[in-house]
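Peer 1: What follows is work-v3.cif; its format and atoms are mmCIF, C-alpha atoms.
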data_final
loop_
_atom_site.label_atom_id
_atom_site.label_comp_id
_atom_site.auth_asym_id
_atom_site.auth_seq_id
_atom_site.Cartn_x
_atom_site.Cartn_y
_atom_site.Cartn_z
CA MET X 1 -12.89 10.18 12.14
CA GLU X 2 -16.53 9.85 11.09
CA SER X 3 -16.29 12.70 8.64
CA GLN X 4 -13.20 11.48 6.82
CA GLU X 5 -13.28 10.49 3.19
CA LEU X 6 -14.11 6.84 2.65
CA VAL X 7 -10.91 6.38 0.67
CA GLN X 8 -7.47 7.73 1.51
CA HIS X 9 -4.94 7.51 -1.29
CA LEU X 10 -1.80 6.86 0.72
CA GLU X 11 0.68 8.28 -1.77
CA ALA X 12 -1.12 11.61 -1.48
CA ARG X 13 -1.02 11.49 2.33
CA ALA X 14 2.79 11.11 2.54
CA ALA X 15 4.68 14.07 4.03
CA PHE X 16 8.39 14.46 4.68
CA ARG X 17 10.63 16.45 7.02
CA ALA X 18 14.21 17.44 6.37
CA ASP X 19 15.32 16.81 9.96
CA LYS X 20 13.80 13.40 10.75
CA MET X 21 11.31 10.73 9.76
CA ALA X 22 7.78 12.13 9.52
CA LYS X 23 4.65 10.39 10.85
CA VAL X 24 1.17 10.75 9.37
CA ASP X 25 -1.90 9.35 11.14
CA CYS X 26 -4.49 7.78 8.83
CA TYR X 27 -6.85 6.13 11.32
CA ARG X 28 -6.92 5.77 15.07
CA SER X 29 -9.29 3.93 17.39
CA ALA X 30 -8.86 2.00 20.63
CA HIS X 31 -8.12 -1.17 18.67
CA LEU X 32 -5.99 0.13 15.86
CA LEU X 33 -3.56 2.81 14.72
CA VAL X 34 -2.86 3.10 11.01
CA GLY X 35 -0.34 5.62 9.74
CA LEU X 36 2.60 6.36 7.52
CA ASN X 37 6.29 6.60 8.39
CA CYS X 38 7.93 8.77 5.75
CA PHE X 39 11.72 8.74 5.38
CA GLU X 40 14.03 10.85 3.30
CA SER X 41 17.11 9.01 2.12
CA GLY X 42 19.41 8.31 5.07
CA GLN X 43 16.80 8.88 7.77
CA SER X 44 16.11 6.26 10.44
CA GLN X 45 13.78 5.24 13.26
CA ALA X 46 15.44 4.27 16.54
CA VAL X 47 14.94 0.74 17.79
CA HIS X 48 12.05 0.62 20.24
CA ALA X 49 9.35 -1.76 21.48
CA HIS X 50 5.63 -1.55 22.23
CA ALA X 51 4.46 -3.30 25.39
CA GLY X 52 1.49 -5.51 24.59
CA ALA X 53 0.90 -4.18 21.06
CA ASP X 54 1.65 -5.93 17.76
CA LYS X 55 2.92 -3.86 14.87
CA PHE X 56 3.57 -4.32 11.22
CA TYR X 57 5.35 -2.35 8.53
CA LEU X 58 4.34 -2.54 4.86
CA VAL X 59 6.73 -0.79 2.49
CA LEU X 60 4.71 1.23 -0.03
CA SER X 61 7.60 2.82 -1.92
CA GLY X 62 11.37 3.11 -1.62
CA LYS X 63 13.82 0.81 0.14
CA ALA X 64 14.93 0.64 3.77
CA ASN X 65 16.75 -1.52 6.27
CA PHE X 66 14.66 -2.91 9.13
CA VAL X 67 15.58 -4.61 12.38
CA VAL X 68 13.24 -6.87 14.38
CA GLY X 69 14.71 -8.61 17.39
CA GLU X 70 18.06 -10.02 16.30
CA ARG X 71 17.18 -10.04 12.60
CA THR X 72 17.79 -7.41 9.94
CA VAL X 73 16.44 -7.14 6.41
CA THR X 74 16.33 -4.77 3.47
CA ALA X 75 12.77 -4.36 2.21
CA GLY X 76 11.03 -2.69 -0.71
CA PRO X 77 7.53 -2.16 -2.10
CA GLY X 78 5.04 -4.85 -1.12
CA ASP X 79 7.17 -6.25 1.70
CA LEU X 80 5.41 -6.94 5.03
CA ILE X 81 7.42 -7.02 8.27
CA VAL X 82 5.80 -7.94 11.60
CA ALA X 83 7.13 -6.86 14.99
CA PRO X 84 5.16 -8.83 17.61
CA ALA X 85 4.38 -7.22 20.96
CA ASP X 86 7.43 -6.43 23.10
CA VAL X 87 9.96 -7.26 20.35
CA PRO X 88 12.42 -4.39 19.69
CA HIS X 89 12.25 -3.06 16.14
CA GLY X 90 13.21 -0.06 14.06
CA VAL X 91 14.46 1.23 10.74
CA THR X 92 18.22 1.54 10.67
CA ARG X 93 18.39 3.47 7.40
CA ALA X 94 16.26 4.40 4.41
CA GLU X 95 18.31 3.91 1.28
CA THR X 96 16.12 6.31 -0.70
CA ARG X 97 12.91 8.29 -0.05
CA THR X 98 10.69 5.62 1.51
CA VAL X 99 7.05 5.45 2.60
CA VAL X 100 5.94 2.71 4.99
CA LEU X 101 2.42 1.88 6.16
CA VAL X 102 2.51 1.21 9.89
CA THR X 103 -0.21 -0.53 11.87
CA MET X 104 -0.33 -1.07 15.63
CA ALA X 105 -2.94 -3.05 17.55
CA PRO X 106 -4.06 -2.06 20.04
CA ALA X 107 -3.31 1.60 19.44
CA PRO X 108 -0.69 3.18 21.73
CA MET E 109 4.46 -17.50 13.89
CA GLU E 110 7.94 -17.27 15.38
CA SER E 111 9.53 -19.35 12.64
CA GLN E 112 8.19 -17.33 9.73
CA GLU E 113 10.44 -15.30 7.48
CA LEU E 114 11.01 -11.77 8.67
CA VAL E 115 9.76 -10.40 5.37
CA GLN E 116 6.74 -11.56 3.41
CA HIS E 117 6.52 -10.25 -0.14
CA LEU E 118 2.77 -9.89 -0.49
CA GLU E 119 2.61 -10.24 -4.26
CA ALA E 120 4.17 -13.69 -3.90
CA ARG E 121 1.65 -14.69 -1.19
CA ALA E 122 -1.43 -13.97 -3.34
CA ALA E 123 -3.51 -17.01 -4.33
CA PHE E 124 -6.73 -17.17 -6.31
CA ARG E 125 -9.71 -19.50 -6.65
CA ALA E 126 -11.93 -19.83 -9.67
CA ASP E 127 -15.12 -20.21 -7.61
CA LYS E 128 -14.83 -17.37 -5.09
CA MET E 129 -12.57 -14.82 -3.44
CA ALA E 130 -9.55 -16.47 -1.78
CA LYS E 131 -8.19 -15.55 1.66
CA VAL E 132 -4.53 -15.83 2.70
CA ASP E 133 -3.45 -15.36 6.33
CA CYS E 134 -0.17 -13.47 6.76
CA TYR E 135 -0.11 -12.91 10.53
CA ARG E 136 -2.47 -13.67 13.37
CA SER E 137 -2.31 -12.87 17.07
CA ALA E 138 -4.90 -11.96 19.68
CA HIS E 139 -4.59 -8.27 18.75
CA LEU E 140 -4.29 -8.44 15.02
CA LEU E 141 -5.14 -10.40 11.88
CA VAL E 142 -3.32 -9.49 8.66
CA GLY E 143 -4.17 -11.24 5.43
CA LEU E 144 -4.95 -10.95 1.76
CA ASN E 145 -8.29 -11.03 -0.01
CA CYS E 146 -7.64 -12.15 -3.60
CA PHE E 147 -10.32 -11.60 -6.23
CA GLU E 148 -10.56 -12.73 -9.81
CA SER E 149 -12.38 -10.28 -12.06
CA GLY E 150 -16.09 -10.26 -11.21
CA GLN E 151 -15.72 -11.87 -7.76
CA SER E 152 -17.16 -10.25 -4.65
CA GLN E 153 -17.27 -10.37 -0.86
CA ALA E 154 -20.72 -10.25 0.71
CA VAL E 155 -21.52 -7.33 2.98
CA HIS E 156 -20.86 -8.27 6.60
CA ALA E 157 -19.83 -6.66 9.90
CA HIS E 158 -17.42 -7.47 12.72
CA ALA E 159 -18.72 -6.85 16.24
CA GLY E 160 -16.17 -4.86 18.20
CA ALA E 161 -13.34 -5.14 15.64
CA ASP E 162 -12.02 -2.43 13.33
CA LYS E 163 -10.94 -3.40 9.83
CA PHE E 164 -9.19 -1.82 6.94
CA TYR E 165 -8.64 -2.69 3.32
CA LEU E 166 -5.58 -1.54 1.39
CA VAL E 167 -5.71 -2.24 -2.33
CA LEU E 168 -2.35 -3.64 -3.46
CA SER E 169 -3.20 -4.26 -7.11
CA GLY E 170 -6.25 -4.19 -9.37
CA LYS E 171 -9.50 -2.29 -8.97
CA ALA E 172 -12.66 -3.08 -7.01
CA ASN E 173 -15.89 -1.56 -5.74
CA PHE E 174 -16.24 -1.32 -1.97
CA VAL E 175 -19.18 -0.57 0.28
CA VAL E 176 -18.89 0.73 3.85
CA GLY E 177 -22.11 1.64 5.61
CA GLU E 178 -24.14 3.70 3.13
CA ARG E 179 -21.13 4.70 1.04
CA THR E 180 -19.63 3.05 -2.02
CA VAL E 181 -16.35 3.70 -3.77
CA THR E 182 -14.14 2.31 -6.53
CA ALA E 183 -10.56 1.91 -5.29
CA GLY E 184 -7.20 1.00 -6.78
CA PRO E 185 -3.58 0.51 -5.72
CA GLY E 186 -2.58 2.51 -2.65
CA ASP E 187 -6.15 3.23 -1.56
CA LEU E 188 -6.98 2.71 2.14
CA ILE E 189 -10.57 2.04 3.21
CA VAL E 190 -11.53 1.75 6.88
CA ALA E 191 -14.58 -0.12 8.17
CA PRO E 192 -14.93 0.75 11.86
CA ALA E 193 -16.27 -1.86 14.27
CA ASP E 194 -19.87 -2.90 13.66
CA VAL E 195 -20.19 -1.03 10.33
CA PRO E 196 -21.35 -3.29 7.46
CA HIS E 197 -18.83 -3.51 4.62
CA GLY E 198 -17.92 -5.64 1.64
CA VAL E 199 -16.63 -5.73 -1.92
CA THR E 200 -19.44 -5.60 -4.43
CA ARG E 201 -17.29 -6.46 -7.44
CA ALA E 202 -13.67 -6.68 -8.51
CA GLU E 203 -13.32 -5.06 -11.92
CA THR E 204 -10.14 -7.00 -12.66
CA ARG E 205 -7.88 -9.43 -10.75
CA THR E 206 -7.44 -7.60 -7.45
CA VAL E 207 -5.36 -8.17 -4.31
CA VAL E 208 -6.33 -6.38 -1.08
CA LEU E 209 -4.44 -6.33 2.23
CA VAL E 210 -6.95 -6.78 5.03
CA THR E 211 -6.29 -6.02 8.69
CA MET E 212 -8.62 -6.63 11.63
CA ALA E 213 -8.04 -5.59 15.21
CA PRO E 214 -8.66 -7.40 17.44
CA ALA E 215 -8.46 -10.62 15.43
CA PRO E 216 -11.73 -12.52 14.95
#
Written as structure tokens, how would this file's structure read?
Peer 2:
Amino acid sequence: MESQELVQHLEARAAFRADKMAKVDCYRSAHLLVGLNCFESGQSQAVHAHAGADKFYLVLSGKANFVVGERTVTAGPGDLIVAPADVPHGVTRAETRTVVLVTMAPAP
Amino acid sequence: MESQELVQHLEARAAFRADKMAKVDCYRSAHLLVGLNCFESGQSQAVHAHAGADKFYLVLSGKANFVVGERTVTAGPGDLIVAPADVPHGVTRAETRTVVLVTMAPAP
């Protein structure tokens, strides 16, 4: 990643797929994975868990329904949602086109 | 952090100080520190480095001048700036009131 631009404008990095949520990697090291999860309206991310790795979602644009453990929430731009290591989490439905910054530490 | 709200709206978490940049912790574990750096216009963050920990800045609002290694850049909302482990970095000047999401992995 040494040759990447110093700044990445995240809105310009977003990419979408008609068939499912799209992932975009922005930075990856041993300690850290930073990327985008890009949802068209109605798309989802199955509930899953990461052994030993903490994760957070930050909604950049749009609106989506998240689940973490037993809790669910609808979140929009500027909302931060943490899924601690080993806690099941996912996105049950994007209510509109939605872009989410995702960070995992350590990287998977 | 188990008792915290599932969602944190970052704009509402921002806090400022007249004398220097203010820091707000949003989540901390062994793997990960997530917080805000909140600058009034003209405030700065001295150049520093984190041994063995990767860091990124994501500008949430405002406009500021960043330095990473030998490179400098002016960044605004939605701009992601990565400072890999051991690389000196800082904020030379906020051009207006500016809120930056900061993530470090592992946490200091």
Peer 1: Applied to the shown file, which residues does the PyMOL selection byres ((chain X) within 8 of (chain E)) return, written as a PyMOL selection string?
Peer 2: chain X and resi 6-11+27+31-32+53-54+60+68+71+73+75+78-82+105-106
Peer 1: Fit chain E to chain X, all Cα atoms paired in order, least squares. Then write it as a short mmCIF file (atom, residue, chain, number, x, y, z; two decimals) with C-alpha atoms, in the coordinates of the input.
Peer 2:
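After the write, part.cif holds the following:
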data_model
loop_
_atom_site.label_atom_id
_atom_site.label_comp_id
_atom_site.auth_asym_id
_atom_site.auth_seq_id
_atom_site.Cartn_x
_atom_site.Cartn_y
_atom_site.Cartn_z
CA MET E 109 -12.99 10.02 12.21
CA GLU E 110 -16.58 9.74 11.01
CA SER E 111 -16.29 12.70 8.66
CA GLN E 112 -13.20 11.49 6.82
CA GLU E 113 -13.29 10.48 3.19
CA LEU E 114 -14.10 6.84 2.64
CA VAL E 115 -10.90 6.38 0.66
CA GLN E 116 -7.47 7.73 1.50
CA HIS E 117 -4.92 7.51 -1.29
CA LEU E 118 -1.78 6.86 0.72
CA GLU E 119 0.68 8.29 -1.78
CA ALA E 120 -1.11 11.63 -1.48
CA ARG E 121 -1.00 11.50 2.35
CA ALA E 122 2.80 11.12 2.54
CA ALA E 123 4.69 14.07 4.04
CA PHE E 124 8.40 14.45 4.70
CA ARG E 125 10.65 16.44 7.03
CA ALA E 126 14.22 17.40 6.37
CA ASP E 127 15.33 16.80 9.97
CA LYS E 128 13.82 13.40 10.75
CA MET E 129 11.32 10.74 9.75
CA ALA E 130 7.78 12.14 9.52
CA LYS E 131 4.66 10.40 10.86
CA VAL E 132 1.16 10.76 9.38
CA ASP E 133 -1.91 9.36 11.16
CA CYS E 134 -4.49 7.79 8.83
CA TYR E 135 -6.86 6.16 11.33
CA ARG E 136 -6.93 5.78 15.08
CA SER E 137 -9.30 3.94 17.39
CA ALA E 138 -8.86 2.03 20.63
CA HIS E 139 -8.11 -1.17 18.68
CA LEU E 140 -6.00 0.13 15.87
CA LEU E 141 -3.58 2.82 14.73
CA VAL E 142 -2.84 3.11 11.01
CA GLY E 143 -0.34 5.63 9.75
CA LEU E 144 2.61 6.36 7.52
CA ASN E 145 6.28 6.59 8.39
CA CYS E 146 7.93 8.79 5.74
CA PHE E 147 11.71 8.75 5.38
CA GLU E 148 14.03 10.85 3.30
CA SER E 149 17.11 9.00 2.11
CA GLY E 150 19.43 8.32 5.06
CA GLN E 151 16.79 8.87 7.78
CA SER E 152 16.10 6.25 10.43
CA GLN E 153 13.78 5.24 13.25
CA ALA E 154 15.45 4.28 16.52
CA VAL E 155 14.95 0.75 17.79
CA HIS E 156 12.05 0.65 20.25
CA ALA E 157 9.35 -1.75 21.48
CA HIS E 158 5.63 -1.55 22.22
CA ALA E 159 4.47 -3.32 25.38
CA GLY E 160 1.49 -5.51 24.59
CA ALA E 161 0.91 -4.18 21.05
CA ASP E 162 1.65 -5.92 17.76
CA LYS E 163 2.92 -3.85 14.85
CA PHE E 164 3.58 -4.30 11.21
CA TYR E 165 5.35 -2.35 8.53
CA LEU E 166 4.34 -2.53 4.87
CA VAL E 167 6.72 -0.78 2.49
CA LEU E 168 4.70 1.25 -0.02
CA SER E 169 7.59 2.82 -1.92
CA GLY E 170 11.37 3.09 -1.63
CA LYS E 171 13.82 0.81 0.14
CA ALA E 172 14.92 0.64 3.78
CA ASN E 173 16.76 -1.53 6.28
CA PHE E 174 14.67 -2.91 9.13
CA VAL E 175 15.59 -4.61 12.38
CA VAL E 176 13.25 -6.87 14.37
CA GLY E 177 14.71 -8.60 17.39
CA GLU E 178 18.06 -10.05 16.29
CA ARG E 179 17.18 -10.05 12.59
CA THR E 180 17.78 -7.42 9.94
CA VAL E 181 16.44 -7.16 6.42
CA THR E 182 16.34 -4.78 3.46
CA ALA E 183 12.76 -4.38 2.21
CA GLY E 184 11.02 -2.70 -0.71
CA PRO E 185 7.52 -2.16 -2.09
CA GLY E 186 5.03 -4.85 -1.12
CA ASP E 187 7.16 -6.25 1.71
CA LEU E 188 5.41 -6.94 5.03
CA ILE E 189 7.41 -7.01 8.27
CA VAL E 190 5.80 -7.93 11.59
CA ALA E 191 7.12 -6.87 14.99
CA PRO E 192 5.15 -8.82 17.60
CA ALA E 193 4.38 -7.20 20.95
CA ASP E 194 7.41 -6.43 23.09
CA VAL E 195 9.97 -7.26 20.35
CA PRO E 196 12.42 -4.39 19.70
CA HIS E 197 12.26 -3.07 16.14
CA GLY E 198 13.21 -0.06 14.06
CA VAL E 199 14.46 1.22 10.72
CA THR E 200 18.22 1.53 10.66
CA ARG E 201 18.38 3.47 7.40
CA ALA E 202 16.25 4.39 4.41
CA GLU E 203 18.31 3.90 1.26
CA THR E 204 16.13 6.30 -0.70
CA ARG E 205 12.92 8.29 -0.04
CA THR E 206 10.70 5.63 1.50
CA VAL E 207 7.06 5.47 2.61
CA VAL E 208 5.96 2.71 5.01
CA LEU E 209 2.42 1.89 6.17
CA VAL E 210 2.53 1.22 9.90
CA THR E 211 -0.21 -0.52 11.88
CA MET E 212 -0.34 -1.06 15.64
CA ALA E 213 -2.94 -3.04 17.53
CA PRO E 214 -4.07 -2.05 20.05
CA ALA E 215 -3.30 1.62 19.44
CA PRO E 216 -0.69 3.21 21.72
#
Peer 1: How many Å lie between CA of Asp25 (chain X) and CA of Ala51 (chain X), rounded to one decimal?
Peer 2: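 We find that CA of Asp25 (chain X) and CA of Ala51 (chain X) lie 20.1 Å from each other.
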Peer 1: Around (5.8, 15.3, 6.4), as given in the file, which residues come within 12 Å? Count only C-alpha atoms and list them as a PyMOL selection string.
Peer 2: chain X and resi 11-25+35-40+97-99
Peer 1: Show me the residues close to (19.3, 5.1, 5.5) - anything with an atom within 9 Å, counting only C-alpha atoms - and format the list as a PDB file with C-alpha atoms, in the coordinates of the input.
Peer 2:
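Ended up saving to selection_23.pdb:
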ATOM      1  CA  PHE X  39      11.720   8.740   5.380  1.00  0.00           C
ATOM      2  CA  GLU X  40      14.030  10.850   3.300  1.00  0.00           C
ATOM      3  CA  SER X  41      17.110   9.010   2.120  1.00  0.00           C
ATOM      4  CA  GLY X  42      19.410   8.310   5.070  1.00  0.00           C
ATOM      5  CA  GLN X  43      16.800   8.880   7.770  1.00  0.00           C
ATOM      6  CA  SER X  44      16.110   6.260  10.440  1.00  0.00           C
ATOM      7  CA  LYS X  63      13.820   0.810   0.140  1.00  0.00           C
ATOM      8  CA  ALA X  64      14.930   0.640   3.770  1.00  0.00           C
ATOM      9  CA  ASN X  65      16.750  -1.520   6.270  1.00  0.00           C
ATOM     10  CA  VAL X  91      14.460   1.230  10.740  1.00  0.00           C
ATOM     11  CA  THR X  92      18.220   1.540  10.670  1.00  0.00           C
ATOM     12  CA  ARG X  93      18.390   3.470   7.400  1.00  0.00           C
ATOM     13  CA  ALA X  94      16.260   4.400   4.410  1.00  0.00           C
ATOM     14  CA  GLU X  95      18.310   3.910   1.280  1.00  0.00           C
ATOM     15  CA  THR X  96      16.120   6.310  -0.700  1.00  0.00           C
TER      16      THR X  96
END
Peer 1: Write only N, CA and C atoms for region 141-176 of chain E from the block just shown, as a PDB file, in the first residue's frame.
Peer 2:
ATOM      1  N   LEU E 141      -8.709   1.259  19.204  1.00  0.00           N
ATOM      2  CA  LEU E 141      -9.182   2.492  19.832  1.00  0.00           C
ATOM      3  C   LEU E 141      -9.881   3.313  18.771  1.00  0.00           C
ATOM      4  N   VAL E 142     -11.098   3.736  19.051  1.00  0.00           N
ATOM      5  CA  VAL E 142     -11.868   4.585  18.138  1.00  0.00           C
ATOM      6  C   VAL E 142     -12.243   5.847  18.899  1.00  0.00           C
ATOM      7  N   GLY E 143     -11.959   6.985  18.330  1.00  0.00           N
ATOM      8  CA  GLY E 143     -12.288   8.231  19.010  1.00  0.00           C
ATOM      9  C   GLY E 143     -12.427   9.371  18.028  1.00  0.00           C
ATOM     10  N   LEU E 144     -12.651  10.545  18.590  1.00  0.00           N
ATOM     11  CA  LEU E 144     -12.739  11.767  17.798  1.00  0.00           C
ATOM     12  C   LEU E 144     -11.615  12.699  18.199  1.00  0.00           C
ATOM     13  N   ASN E 145     -11.051  13.390  17.200  1.00  0.00           N
ATOM     14  CA  ASN E 145     -10.190  14.538  17.436  1.00  0.00           C
ATOM     15  C   ASN E 145     -10.976  15.751  16.966  1.00  0.00           C
ATOM     16  N   CYS E 146     -11.201  16.696  17.880  1.00  0.00           N
ATOM     17  CA  CYS E 146     -12.079  17.843  17.603  1.00  0.00           C
ATOM     18  C   CYS E 146     -11.255  19.125  17.660  1.00  0.00           C
ATOM     19  N   PHE E 147     -11.218  19.820  16.549  1.00  0.00           N
ATOM     20  CA  PHE E 147     -10.381  21.013  16.409  1.00  0.00           C
ATOM     21  C   PHE E 147     -11.243  22.257  16.221  1.00  0.00           C
ATOM     22  N   GLU E 148     -10.942  23.310  16.978  1.00  0.00           N
ATOM     23  CA  GLU E 148     -11.439  24.624  16.595  1.00  0.00           C
ATOM     24  C   GLU E 148     -10.538  25.159  15.474  1.00  0.00           C
ATOM     25  N   SER E 149     -11.036  26.124  14.739  1.00  0.00           N
ATOM     26  CA  SER E 149     -10.247  26.713  13.660  1.00  0.00           C
ATOM     27  C   SER E 149      -8.892  27.159  14.186  1.00  0.00           C
ATOM     28  N   GLY E 150      -7.832  26.782  13.487  1.00  0.00           N
ATOM     29  CA  GLY E 150      -6.485  27.194  13.860  1.00  0.00           C
ATOM     30  C   GLY E 150      -5.767  26.224  14.783  1.00  0.00           C
ATOM     31  N   GLN E 151      -6.489  25.285  15.402  1.00  0.00           N
ATOM     32  CA  GLN E 151      -5.833  24.314  16.292  1.00  0.00           C
ATOM     33  C   GLN E 151      -5.082  23.255  15.487  1.00  0.00           C
ATOM     34  N   SER E 152      -4.182  22.556  16.191  1.00  0.00           N
ATOM     35  CA  SER E 152      -3.316  21.588  15.515  1.00  0.00           C
ATOM     36  C   SER E 152      -3.078  20.385  16.411  1.00  0.00           C
ATOM     37  N   GLN E 153      -2.444  19.368  15.831  1.00  0.00           N
ATOM     38  CA  GLN E 153      -1.976  18.208  16.591  1.00  0.00           C
ATOM     39  C   GLN E 153      -0.520  17.998  16.192  1.00  0.00           C
ATOM     40  N   ALA E 154       0.378  18.033  17.176  1.00  0.00           N
ATOM     41  CA  ALA E 154       1.802  17.932  16.879  1.00  0.00           C
ATOM     42  C   ALA E 154       2.123  16.615  16.176  1.00  0.00           C
ATOM     43  N   VAL E 155       3.115  16.658  15.315  1.00  0.00           N
ATOM     44  CA  VAL E 155       3.558  15.444  14.630  1.00  0.00           C
ATOM     45  C   VAL E 155       4.099  14.458  15.651  1.00  0.00           C
ATOM     46  N   HIS E 156       3.653  13.195  15.523  1.00  0.00           N
ATOM     47  CA  HIS E 156       4.047  12.147  16.454  1.00  0.00           C
ATOM     48  C   HIS E 156       3.963  10.813  15.717  1.00  0.00           C
ATOM     49  N   ALA E 157       4.384   9.734  16.358  1.00  0.00           N
ATOM     50  CA  ALA E 157       4.308   8.411  15.734  1.00  0.00           C
ATOM     51  C   ALA E 157       3.918   7.388  16.791  1.00  0.00           C
ATOM     52  N   HIS E 158       3.307   6.287  16.337  1.00  0.00           N
ATOM     53  CA  HIS E 158       2.894   5.214  17.235  1.00  0.00           C
ATOM     54  C   HIS E 158       3.676   3.951  16.869  1.00  0.00           C
ATOM     55  N   ALA E 159       4.523   3.495  17.795  1.00  0.00           N
ATOM     56  CA  ALA E 159       5.335   2.309  17.524  1.00  0.00           C
ATOM     57  C   ALA E 159       4.436   1.077  17.407  1.00  0.00           C
ATOM     58  N   GLY E 160       4.450   0.455  16.262  1.00  0.00           N
ATOM     59  CA  GLY E 160       3.756  -0.812  16.089  1.00  0.00           C
ATOM     60  C   GLY E 160       2.250  -0.721  15.940  1.00  0.00           C
ATOM     61  N   ALA E 161       1.689   0.479  15.844  1.00  0.00           N
ATOM     62  CA  ALA E 161       0.229   0.619  15.712  1.00  0.00           C
ATOM     63  C   ALA E 161      -0.113   1.421  14.468  1.00  0.00           C
ATOM     64  N   ASP E 162      -1.030   0.893  13.665  1.00  0.00           N
ATOM     65  CA  ASP E 162      -1.538   1.619  12.499  1.00  0.00           C
ATOM     66  C   ASP E 162      -2.646   2.563  12.937  1.00  0.00           C
ATOM     67  N   LYS E 163      -2.784   3.649  12.216  1.00  0.00           N
ATOM     68  CA  LYS E 163      -3.788   4.669  12.554  1.00  0.00           C
ATOM     69  C   LYS E 163      -4.421   5.182  11.286  1.00  0.00           C
ATOM     70  N   PHE E 164      -5.684   5.527  11.379  1.00  0.00           N
ATOM     71  CA  PHE E 164      -6.251   6.323  10.287  1.00  0.00           C
ATOM     72  C   PHE E 164      -7.087   7.454  10.826  1.00  0.00           C
ATOM     73  N   TYR E 165      -7.155   8.503  10.005  1.00  0.00           N
ATOM     74  CA  TYR E 165      -8.037   9.642  10.212  1.00  0.00           C
ATOM     75  C   TYR E 165      -9.142   9.572   9.150  1.00  0.00           C
ATOM     76  N   LEU E 166     -10.362   9.869   9.550  1.00  0.00           N
ATOM     77  CA  LEU E 166     -11.449  10.078   8.604  1.00  0.00           C
ATOM     78  C   LEU E 166     -12.098  11.407   8.965  1.00  0.00           C
ATOM     79  N   VAL E 167     -12.012  12.356   8.062  1.00  0.00           N
ATOM     80  CA  VAL E 167     -12.609  13.673   8.337  1.00  0.00           C
ATOM     81  C   VAL E 167     -14.126  13.549   8.257  1.00  0.00           C
ATOM     82  N   LEU E 168     -14.801  13.941   9.359  1.00  0.00           N
ATOM     83  CA  LEU E 168     -16.262  13.891   9.400  1.00  0.00           C
ATOM     84  C   LEU E 168     -16.869  15.232   9.017  1.00  0.00           C
ATOM     85  N   SER E 169     -16.234  16.313   9.439  1.00  0.00           N
ATOM     86  CA  SER E 169     -16.719  17.650   9.079  1.00  0.00           C
ATOM     87  C   SER E 169     -15.553  18.616   9.170  1.00  0.00           C
ATOM     88  N   GLY E 170     -15.621  19.703   8.413  1.00  0.00           N
ATOM     89  CA  GLY E 170     -14.593  20.723   8.441  1.00  0.00           C
ATOM     90  C   GLY E 170     -13.518  20.516   7.393  1.00  0.00           C
ATOM     91  N   LYS E 171     -12.341  21.040   7.681  1.00  0.00           N
ATOM     92  CA  LYS E 171     -11.239  21.017   6.708  1.00  0.00           C
ATOM     93  C   LYS E 171      -9.946  21.237   7.478  1.00  0.00           C
ATOM     94  N   ALA E 172      -8.954  20.378   7.226  1.00  0.00           N
ATOM     95  CA  ALA E 172      -7.694  20.498   7.971  1.00  0.00           C
ATOM     96  C   ALA E 172      -6.532  20.021   7.113  1.00  0.00           C
ATOM     97  N   ASN E 173      -5.341  20.425   7.529  1.00  0.00           N
ATOM     98  CA  ASN E 173      -4.107  20.079   6.831  1.00  0.00           C
ATOM     99  C   ASN E 173      -3.374  18.997   7.605  1.00  0.00           C
ATOM    100  N   PHE E 174      -3.136  17.877   6.941  1.00  0.00           N
ATOM    101  CA  PHE E 174      -2.512  16.709   7.553  1.00  0.00           C
ATOM    102  C   PHE E 174      -1.105  16.516   7.023  1.00  0.00           C
ATOM    103  N   VAL E 175      -0.269  15.908   7.846  1.00  0.00           N
ATOM    104  CA  VAL E 175       1.055  15.492   7.408  1.00  0.00           C
ATOM    105  C   VAL E 175       1.238  14.023   7.779  1.00  0.00           C
ATOM    106  N   VAL E 176       1.737  13.244   6.824  1.00  0.00           N
ATOM    107  CA  VAL E 176       2.073  11.833   7.053  1.00  0.00           C
ATOM    108  C   VAL E 176       3.417  11.591   6.377  1.00  0.00           C
TER     109      VAL E 176
END
